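Trainee: If it helps, the file is called data_2.txt and holds compact mmCIF, C-alpha atoms:
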```
# COMPACT_ATOMS: atom_id res chain seq x y z
CA MET A 1 50.20 2.66 0.74
CA LYS A 2 46.68 2.48 2.18
CA THR A 3 45.20 -0.99 2.39
CA GLY A 4 41.88 0.02 0.82
CA LEU A 5 40.04 -2.03 3.47
CA PRO A 6 38.01 0.94 4.76
CA GLU A 7 36.73 1.59 1.23
CA ILE A 8 35.82 -2.06 0.77
CA LYS A 9 34.04 -2.06 4.11
CA GLY A 10 32.10 1.03 3.09
CA LYS A 11 30.99 -0.56 -0.18
CA LEU A 12 29.94 -3.75 1.58
CA GLN A 13 27.88 -1.77 4.08
CA VAL A 14 26.05 -0.08 1.19
CA MET A 15 25.51 -3.45 -0.45
CA ALA A 16 24.16 -4.93 2.77
CA THR A 17 21.74 -2.03 3.21
CA LEU A 18 20.36 -2.53 -0.29
CA ALA A 19 20.18 -6.31 0.10
CA GLU A 20 18.30 -6.01 3.38
CA ASP A 21 15.95 -3.43 1.90
CA MET A 22 15.20 -5.73 -1.04
CA VAL A 23 14.31 -8.58 1.30
CA ALA A 24 12.16 -6.31 3.47
CA ARG A 25 10.30 -4.93 0.45
CA SER A 26 9.74 -8.38 -1.03
CA VAL A 27 8.17 -9.48 2.26
CA LYS A 28 6.12 -6.27 2.42
CA ALA A 29 4.91 -7.01 -1.10
CA LEU A 30 3.70 -10.40 0.15
CA LEU A 31 1.97 -8.87 3.17
CA GLU A 32 0.20 -6.18 1.13
CA GLY A 33 -0.25 -8.08 -2.12
CA ASP A 34 1.69 -5.32 -3.86
CA THR A 35 2.74 -6.43 -7.34
CA THR A 36 4.28 -3.03 -8.20
CA LEU A 37 6.59 -3.21 -5.19
CA ALA A 38 7.56 -6.76 -6.10
CA HIS A 39 8.54 -5.63 -9.60
CA GLN A 40 10.70 -2.87 -8.07
CA VAL A 41 12.59 -5.45 -6.02
CA CYS A 42 13.32 -7.47 -9.15
CA ALA A 43 14.62 -4.35 -10.89
CA ASP A 44 17.05 -3.59 -8.05
CA ASP A 45 18.88 -6.89 -8.49
CA ASP A 46 20.99 -5.48 -11.33
CA GLN A 47 22.22 -2.69 -9.06
CA LEU A 48 23.44 -5.18 -6.48
CA ASP A 49 25.20 -7.16 -9.22
CA ARG A 50 27.08 -4.02 -10.27
CA MET A 51 28.07 -3.27 -6.70
CA GLU A 52 29.48 -6.77 -6.26
CA ALA A 53 31.56 -6.28 -9.40
CA GLU A 54 32.88 -2.97 -8.03
CA VAL A 55 33.94 -4.58 -4.75
CA ASP A 56 35.68 -7.42 -6.56
CA GLU A 57 37.48 -5.01 -8.90
CA LEU A 58 38.66 -2.87 -5.99
CA ALA A 59 39.87 -5.93 -4.08
CA VAL A 60 41.80 -7.20 -7.10
CA GLN A 61 43.41 -3.79 -7.59
CA ILE A 62 44.51 -3.71 -3.96
CA LEU A 63 45.90 -7.22 -4.12
CA ALA A 64 47.74 -6.46 -7.39
CA ALA A 65 49.27 -3.34 -5.88
CA GLY A 66 50.82 -5.42 -3.11
CA ALA A 67 48.61 -5.53 -0.04
CA ALA A 68 50.32 -6.09 3.29
CA PRO A 69 50.35 -9.77 4.29
CA LYS A 70 48.20 -9.04 7.35
CA ASP A 71 45.49 -7.59 5.07
CA LEU A 72 45.41 -10.36 2.48
CA ARG A 73 42.97 -12.54 4.39
CA ALA A 74 40.59 -9.68 5.15
CA ILE A 75 40.54 -8.58 1.52
CA THR A 76 39.88 -12.04 0.11
CA ILE A 77 37.19 -12.75 2.71
CA SER A 78 35.55 -9.43 1.87
CA MET A 79 35.12 -10.66 -1.70
CA LYS A 80 33.29 -13.71 -0.33
CA ILE A 81 31.03 -11.45 1.74
CA SER A 82 30.27 -9.44 -1.39
CA ASN A 83 29.12 -12.62 -3.11
CA ASP A 84 26.86 -13.57 -0.19
CA LEU A 85 25.26 -10.12 -0.28
CA GLU A 86 24.67 -10.41 -4.02
CA ARG A 87 23.08 -13.82 -3.45
CA ILE A 88 20.76 -12.30 -0.86
CA GLY A 89 19.59 -9.92 -3.57
CA ASP A 90 18.92 -12.94 -5.79
CA GLU A 91 16.85 -14.53 -3.01
CA ALA A 92 14.84 -11.31 -2.61
CA GLY A 93 14.21 -11.28 -6.36
CA THR A 94 12.96 -14.87 -6.25
CA ILE A 95 10.62 -14.00 -3.38
CA ALA A 96 9.32 -11.01 -5.35
CA LYS A 97 8.67 -13.17 -8.43
CA SER A 98 6.73 -15.65 -6.29
CA VAL A 99 4.67 -12.78 -4.88
CA ILE A 100 3.88 -11.59 -8.41
CA HIS A 101 2.71 -15.09 -9.27
CA LEU A 102 0.67 -15.37 -6.08
CA ASN A 103 -1.09 -12.09 -6.80
CA LYS A 104 -2.39 -13.49 -10.08
CA GLN A 105 -4.43 -16.05 -8.18
CA SER A 106 -7.79 -14.56 -7.33
CA ASN A 107 -10.03 -15.45 -4.41
CA TRP A 108 -7.29 -17.23 -2.47
CA LYS A 109 -6.24 -16.23 1.02
CA VAL A 110 -2.53 -16.63 1.72
CA PRO A 111 -2.15 -18.73 4.91
CA PHE A 112 0.08 -17.69 7.85
CA ARG A 113 1.12 -14.57 5.96
CA GLU A 114 2.05 -12.67 9.14
CA GLU A 115 4.18 -15.56 10.38
CA ILE A 116 6.16 -15.58 7.14
CA VAL A 117 6.59 -11.82 7.41
CA ALA A 118 8.03 -12.32 10.91
CA MET A 119 10.42 -14.88 9.45
CA GLY A 120 11.51 -12.27 6.91
CA GLU A 121 12.08 -9.70 9.62
CA LYS A 122 14.26 -12.20 11.48
CA ALA A 123 16.34 -12.83 8.35
CA CYS A 124 16.80 -9.07 7.86
CA LEU A 125 17.89 -8.66 11.48
CA LEU A 126 20.47 -11.42 11.11
CA LEU A 127 21.89 -9.71 8.03
CA ARG A 128 21.98 -6.29 9.69
CA GLU A 129 23.79 -7.60 12.74
CA ALA A 130 26.17 -9.75 10.68
CA ILE A 131 27.40 -6.80 8.63
CA GLN A 132 27.71 -4.80 11.85
CA ALA A 133 29.88 -7.55 13.34
CA TYR A 134 32.02 -7.45 10.20
CA SER A 135 32.32 -3.66 10.21
CA GLU A 136 33.29 -3.54 13.88
CA ASN A 137 35.45 -6.71 13.99
CA ASP A 138 33.09 -7.89 16.74
CA CYS A 139 33.87 -11.56 17.27
CA GLY A 140 31.40 -11.88 20.13
CA LYS A 141 28.46 -10.63 18.07
CA ALA A 142 29.49 -12.80 15.12
CA GLN A 143 29.66 -15.92 17.32
CA GLN A 144 26.27 -15.14 18.85
CA LEU A 145 24.70 -14.86 15.39
CA ILE A 146 26.22 -18.13 14.21
CA SER A 147 24.58 -19.90 17.14
CA GLN A 148 21.14 -18.81 15.80
CA ASP A 149 21.49 -20.69 12.50
CA ASP A 150 19.26 -23.59 13.51
CA GLN A 151 16.29 -21.32 14.30
CA MET A 152 15.56 -20.38 10.68
CA ASP A 153 16.22 -23.95 9.52
CA ALA A 154 13.59 -25.18 11.97
CA LEU A 155 11.05 -22.59 10.79
CA ASN A 156 11.59 -23.61 7.17
CA ILE A 157 11.06 -27.29 7.99
CA PHE A 158 7.91 -26.50 10.00
CA TYR A 159 6.26 -24.36 7.32
CA GLN A 160 7.19 -26.73 4.49
CA LYS A 161 5.46 -29.57 6.36
CA GLU A 162 2.42 -27.36 6.99
CA LEU A 163 2.25 -26.48 3.30
CA VAL A 164 2.41 -30.12 2.25
CA GLY A 165 -0.58 -30.84 4.48
CA MET A 166 -2.47 -27.89 3.02
CA MET A 167 -1.78 -29.10 -0.52
CA GLN A 168 -3.21 -32.50 0.35
CA ASN A 169 -6.36 -30.93 1.80
CA ASP A 170 -6.75 -28.29 -0.93
CA PRO A 171 -5.29 -29.63 -4.19
CA GLU A 172 -6.90 -26.86 -6.26
CA SER A 173 -4.58 -24.34 -4.58
CA ILE A 174 -1.33 -26.29 -4.99
CA ALA A 175 0.24 -23.57 -7.15
CA GLY A 176 -0.19 -21.00 -4.38
CA TYR A 177 1.19 -23.31 -1.71
CA LEU A 178 4.19 -24.04 -3.90
CA ASP A 179 4.87 -20.30 -4.24
CA LEU A 180 4.71 -19.93 -0.47
CA GLY A 181 7.09 -22.85 -0.09
CA VAL A 182 9.56 -21.06 -2.36
CA ILE A 183 9.24 -17.86 -0.33
CA VAL A 184 9.85 -19.65 2.97
CA LYS A 185 12.85 -21.50 1.56
CA ARG A 186 14.34 -18.28 0.12
CA LEU A 187 14.00 -16.55 3.49
CA GLU A 188 15.83 -19.44 5.11
CA ARG A 189 18.56 -19.02 2.48
CA VAL A 190 18.79 -15.28 3.23
CA ALA A 191 19.50 -16.24 6.82
CA ASP A 192 22.09 -18.78 5.64
CA HIS A 193 23.93 -16.08 3.70
CA ALA A 194 23.76 -13.77 6.71
CA ILE A 195 25.29 -16.51 8.85
CA ASN A 196 28.02 -16.87 6.22
CA VAL A 197 28.78 -13.18 6.65
CA ALA A 198 28.91 -13.64 10.43
CA GLU A 199 31.31 -16.59 10.04
CA ASP A 200 33.53 -14.49 7.79
CA ALA A 201 33.35 -11.60 10.25
CA LEU A 202 34.54 -13.98 12.95
CA LEU A 203 37.50 -15.06 10.82
CA ILE A 204 38.49 -11.48 10.08
CA GLY A 205 38.03 -10.44 13.70
CA LYS A 206 40.20 -13.27 14.99
CA SER A 207 42.82 -12.48 12.38
CA ALA A 208 42.87 -8.80 13.38
CA LYS A 209 43.34 -9.68 17.03
CA SER A 210 46.22 -12.04 16.30
CA THR A 211 48.28 -9.40 14.43
```
Here is the file; what I need is its structure written in the form of structure tokens.

Mentor:
Amino acid sequence: MKTGLPEIKGKLQVMATLAEDMVARSVKALLEGDTTLAHQVCADDDQLDRMEAEVDELAVQILAAGAAPKDLRAITISMKISNDLERIGDEAGTIAKSVIHLNKQSNWKVPFREEIVAMGEKACLLLREAIQAYSENDCGKAQQLISQDDQMDALNIFYQKELVGMMQNDPESIAGYLDLGVIVKRLERVADHAINVAEDALLIGKSAKST
């Protein structure tokens, strides 16, 4: 019997593409002040939820049918990857909701908008390369991505401190700064989930090489 792993991998690649696109569009919505685009990102979250359920159902079917012992680990880890991808969609939705709230505040210029956009692009790149490492059983790429984890953590800490200072100097705009703080934190979480995928890719890759 076929393991079903290629089908699971294909579904996870589609999920990753949608998750990355949602993050990219949520950040674009921030850059352009586009409320309509932000609403579209929120609407796409349900699609990612359905895709996660499909991956889990397929994995359970394969396990129930009697997967080969060497494939058990890869199948169960793939379910974990599916969950991380779904969570990335949740993070994108939260970013989009914060953008919608920001856009309701008139006559307020969003600070370091371009820098936050660059942070979003970095998170998307981490996700893209993590799913590539998983798809190709590339342990070297996965390990290299894992080593980048601290970079996004440092950016989050830096911007959160900057925002606290801005709130102290401009208390009338606290609501906007809080929304930006949420966006920065969610982008850092997107990167965390991408690193999780890379760690899982490393586990699967090592397992494949040992069999």

Trainee: Please indicate the distance in Å from CA of Asn137 in chain A to CA of Ala201 in chain A, rounded to one decimal place.

Mentor: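 We find that CA of Asn137 in chain A and CA of Ala201 in chain A lie 6.5 Å from each other.
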
Trainee: Which of these residues is nearest to Asn196 in chain A, using all atoms listed in the file: A:Leu180, A:Leu18, A:Met119, A:Ile88?

Mentor: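 Using all atoms listed in the file, Asn196 in chain A sits closest to A:Ile88.
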
Trainee: At a cut-off of 9 Å, using all atoms listed in the file, what residues contact range 153-167 of chain A? Leave out same-chain residues fewer than 6 positions from it and give the result as a list in words.

Mentor: Ile116, Met119, Ser173, Ile174, Ala175, Tyr177, Leu178, Leu180, Gly181, Val184, Lys185, Leu187, Glu188, Arg189, Ala191 and Asp192 of chain A

Trainee: Please indicate the distance in Å from CA of Glu20 in chain A to CA of Val60 in chain A, rounded to one decimal place.

Mentor: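 Separation of CA of Glu20 in chain A and CA of Val60 in chain A: 25.8 Å.
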
Trainee: From the list A:Ala123, A:Asp46, A:Ile77, A:Leu202, which residue is nearest Glu136 in chain A when using all atoms listed in the file?

Mentor: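 The shortest atom-to-atom distance to Glu136 in chain A comes from A:Leu202.
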
Trainee: Could you check the closest approach to Ser106 in chain A for each of A:Lys11, A:Val197, A:Gly176, A:His39 and tell me which residue wins, using all atoms listed in the file?

Mentor: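 Looking only at the distances to Ser106 in chain A, the closest residue turns out to be A:Gly176.
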
Trainee: Using only C-alpha atoms, determine which residues lie at most 12 Å from Glu114 in chain A, disregarding the query and same-chain residues fewer than 4 positions distant; provide the list as a list in words.

Mentor: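 The filter keeps Val27, Lys28, Leu30, Leu31, Glu32, Val110, Ala118, Met119, Gly120 and Glu121 of chain A.
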
Trainee: If we count all atoms listed in the file and set the cut-off at 10 Å, which residues sit around Leu12 in chain A, ignoring sequence neighbours fewer than 6 positions away in its own chain? Please answer as a VMD selection string.

Mentor: chain A and resid 6 18 51 to 52 55 78 to 79 81 to 82 85 131 134 to 135

Trainee: Write a file of the selected residues as a PDB file, in the coordinates of the input, keeping C-alpha atoms.

Mentor:
```pdb
ATOM      1  CA  PRO A   6      38.010   0.940   4.760  1.00  0.00           C
ATOM      2  CA  LEU A  18      20.360  -2.530  -0.290  1.00  0.00           C
ATOM      3  CA  MET A  51      28.070  -3.270  -6.700  1.00  0.00           C
ATOM      4  CA  GLU A  52      29.480  -6.770  -6.260  1.00  0.00           C
ATOM      5  CA  VAL A  55      33.940  -4.580  -4.750  1.00  0.00           C
ATOM      6  CA  SER A  78      35.550  -9.430   1.870  1.00  0.00           C
ATOM      7  CA  MET A  79      35.120 -10.660  -1.700  1.00  0.00           C
ATOM      8  CA  ILE A  81      31.030 -11.450   1.740  1.00  0.00           C
ATOM      9  CA  SER A  82      30.270  -9.440  -1.390  1.00  0.00           C
ATOM     10  CA  LEU A  85      25.260 -10.120  -0.280  1.00  0.00           C
ATOM     11  CA  ILE A 131      27.400  -6.800   8.630  1.00  0.00           C
ATOM     12  CA  TYR A 134      32.020  -7.450  10.200  1.00  0.00           C
ATOM     13  CA  SER A 135      32.320  -3.660  10.210  1.00  0.00           C
TER      14      SER A 135
END
```

Trainee: Give the answer as one residue: which of A:Val190, A:Leu102, A:Leu203, A:Ala19 has the shortest atom-to-atom distance to Asp49 in chain A, using only C-alpha atoms?

Mentor: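 Closest residue, counting only C-alpha atoms: A:Ala19.
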
Trainee: CA of Gln143 in chain A to CA of Ala16 in chain A: how many Å, to one decimal?

Mentor: 19.0 Å

Trainee: Measuring between only C-alpha atoms, which one of A:Asp200, A:Asp71, A:Asp179, A:Asp21 shows the shortest distance to Asn103 in chain A?

Mentor: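 Looking at the shortest contact to Asn103 in chain A, the residue is A:Asp179.
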
Trainee: Residues at most 10 Å from Leu72 in chain A, counting all atoms listed in the file, excluding those fewer than 6 positions away in the same chain, as a PyMOL selection string?

Mentor: chain A and resi 3+5+59+62-63+66+78

Trainee: Under the rule that all atoms listed in the file are counted, which of A:Ala64, A:Ala38, A:Ala74, A:Ala29 is the nearest residue to Ile8 in chain A?

Mentor: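 Closest to Ile8 in chain A, using all atoms listed in the file: A:Ala74.
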
Trainee: Would you mind listing what lies within 12 Å of Asp138 in chain A as a list of chain:residue names, with all atoms listed in the file counted and same-chain residues fewer than 5 positions away left out?

Mentor: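 Near neighbours after the sequence-gap exclusion: A:Glu129, A:Ala130, A:Ile131, A:Gln132, A:Ala133, A:Gln143, A:Gln144, A:Leu145, A:Ala198, A:Glu199, A:Asp200, A:Ala201, A:Leu202, A:Leu203, A:Ile204, A:Gly205, A:Lys206, A:Ser207, A:Ala208, A:Lys209.
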
Trainee: Grab the residues selected above and save them as a PDB file, in the coordinates of the input with C-alpha atoms.

Mentor:
```
ATOM      1  CA  GLU A 129      23.790  -7.600  12.740  1.00  0.00           C
ATOM      2  CA  ALA A 130      26.170  -9.750  10.680  1.00  0.00           C
ATOM      3  CA  ILE A 131      27.400  -6.800   8.630  1.00  0.00           C
ATOM      4  CA  GLN A 132      27.710  -4.800  11.850  1.00  0.00           C
ATOM      5  CA  ALA A 133      29.880  -7.550  13.340  1.00  0.00           C
ATOM      6  CA  GLN A 143      29.660 -15.920  17.320  1.00  0.00           C
ATOM      7  CA  GLN A 144      26.270 -15.140  18.850  1.00  0.00           C
ATOM      8  CA  LEU A 145      24.700 -14.860  15.390  1.00  0.00           C
ATOM      9  CA  ALA A 198      28.910 -13.640  10.430  1.00  0.00           C
ATOM     10  CA  GLU A 199      31.310 -16.590  10.040  1.00  0.00           C
ATOM     11  CA  ASP A 200      33.530 -14.490   7.790  1.00  0.00           C
ATOM     12  CA  ALA A 201      33.350 -11.600  10.250  1.00  0.00           C
ATOM     13  CA  LEU A 202      34.540 -13.980  12.950  1.00  0.00           C
ATOM     14  CA  LEU A 203      37.500 -15.060  10.820  1.00  0.00           C
ATOM     15  CA  ILE A 204      38.490 -11.480  10.080  1.00  0.00           C
ATOM     16  CA  GLY A 205      38.030 -10.440  13.700  1.00  0.00           C
ATOM     17  CA  LYS A 206      40.200 -13.270  14.990  1.00  0.00           C
ATOM     18  CA  SER A 207      42.820 -12.480  12.380  1.00  0.00           C
ATOM     19  CA  ALA A 208      42.870  -8.800  13.380  1.00  0.00           C
ATOM     20  CA  LYS A 209      43.340  -9.680  17.030  1.00  0.00           C
TER      21      LYS A 209
END
```
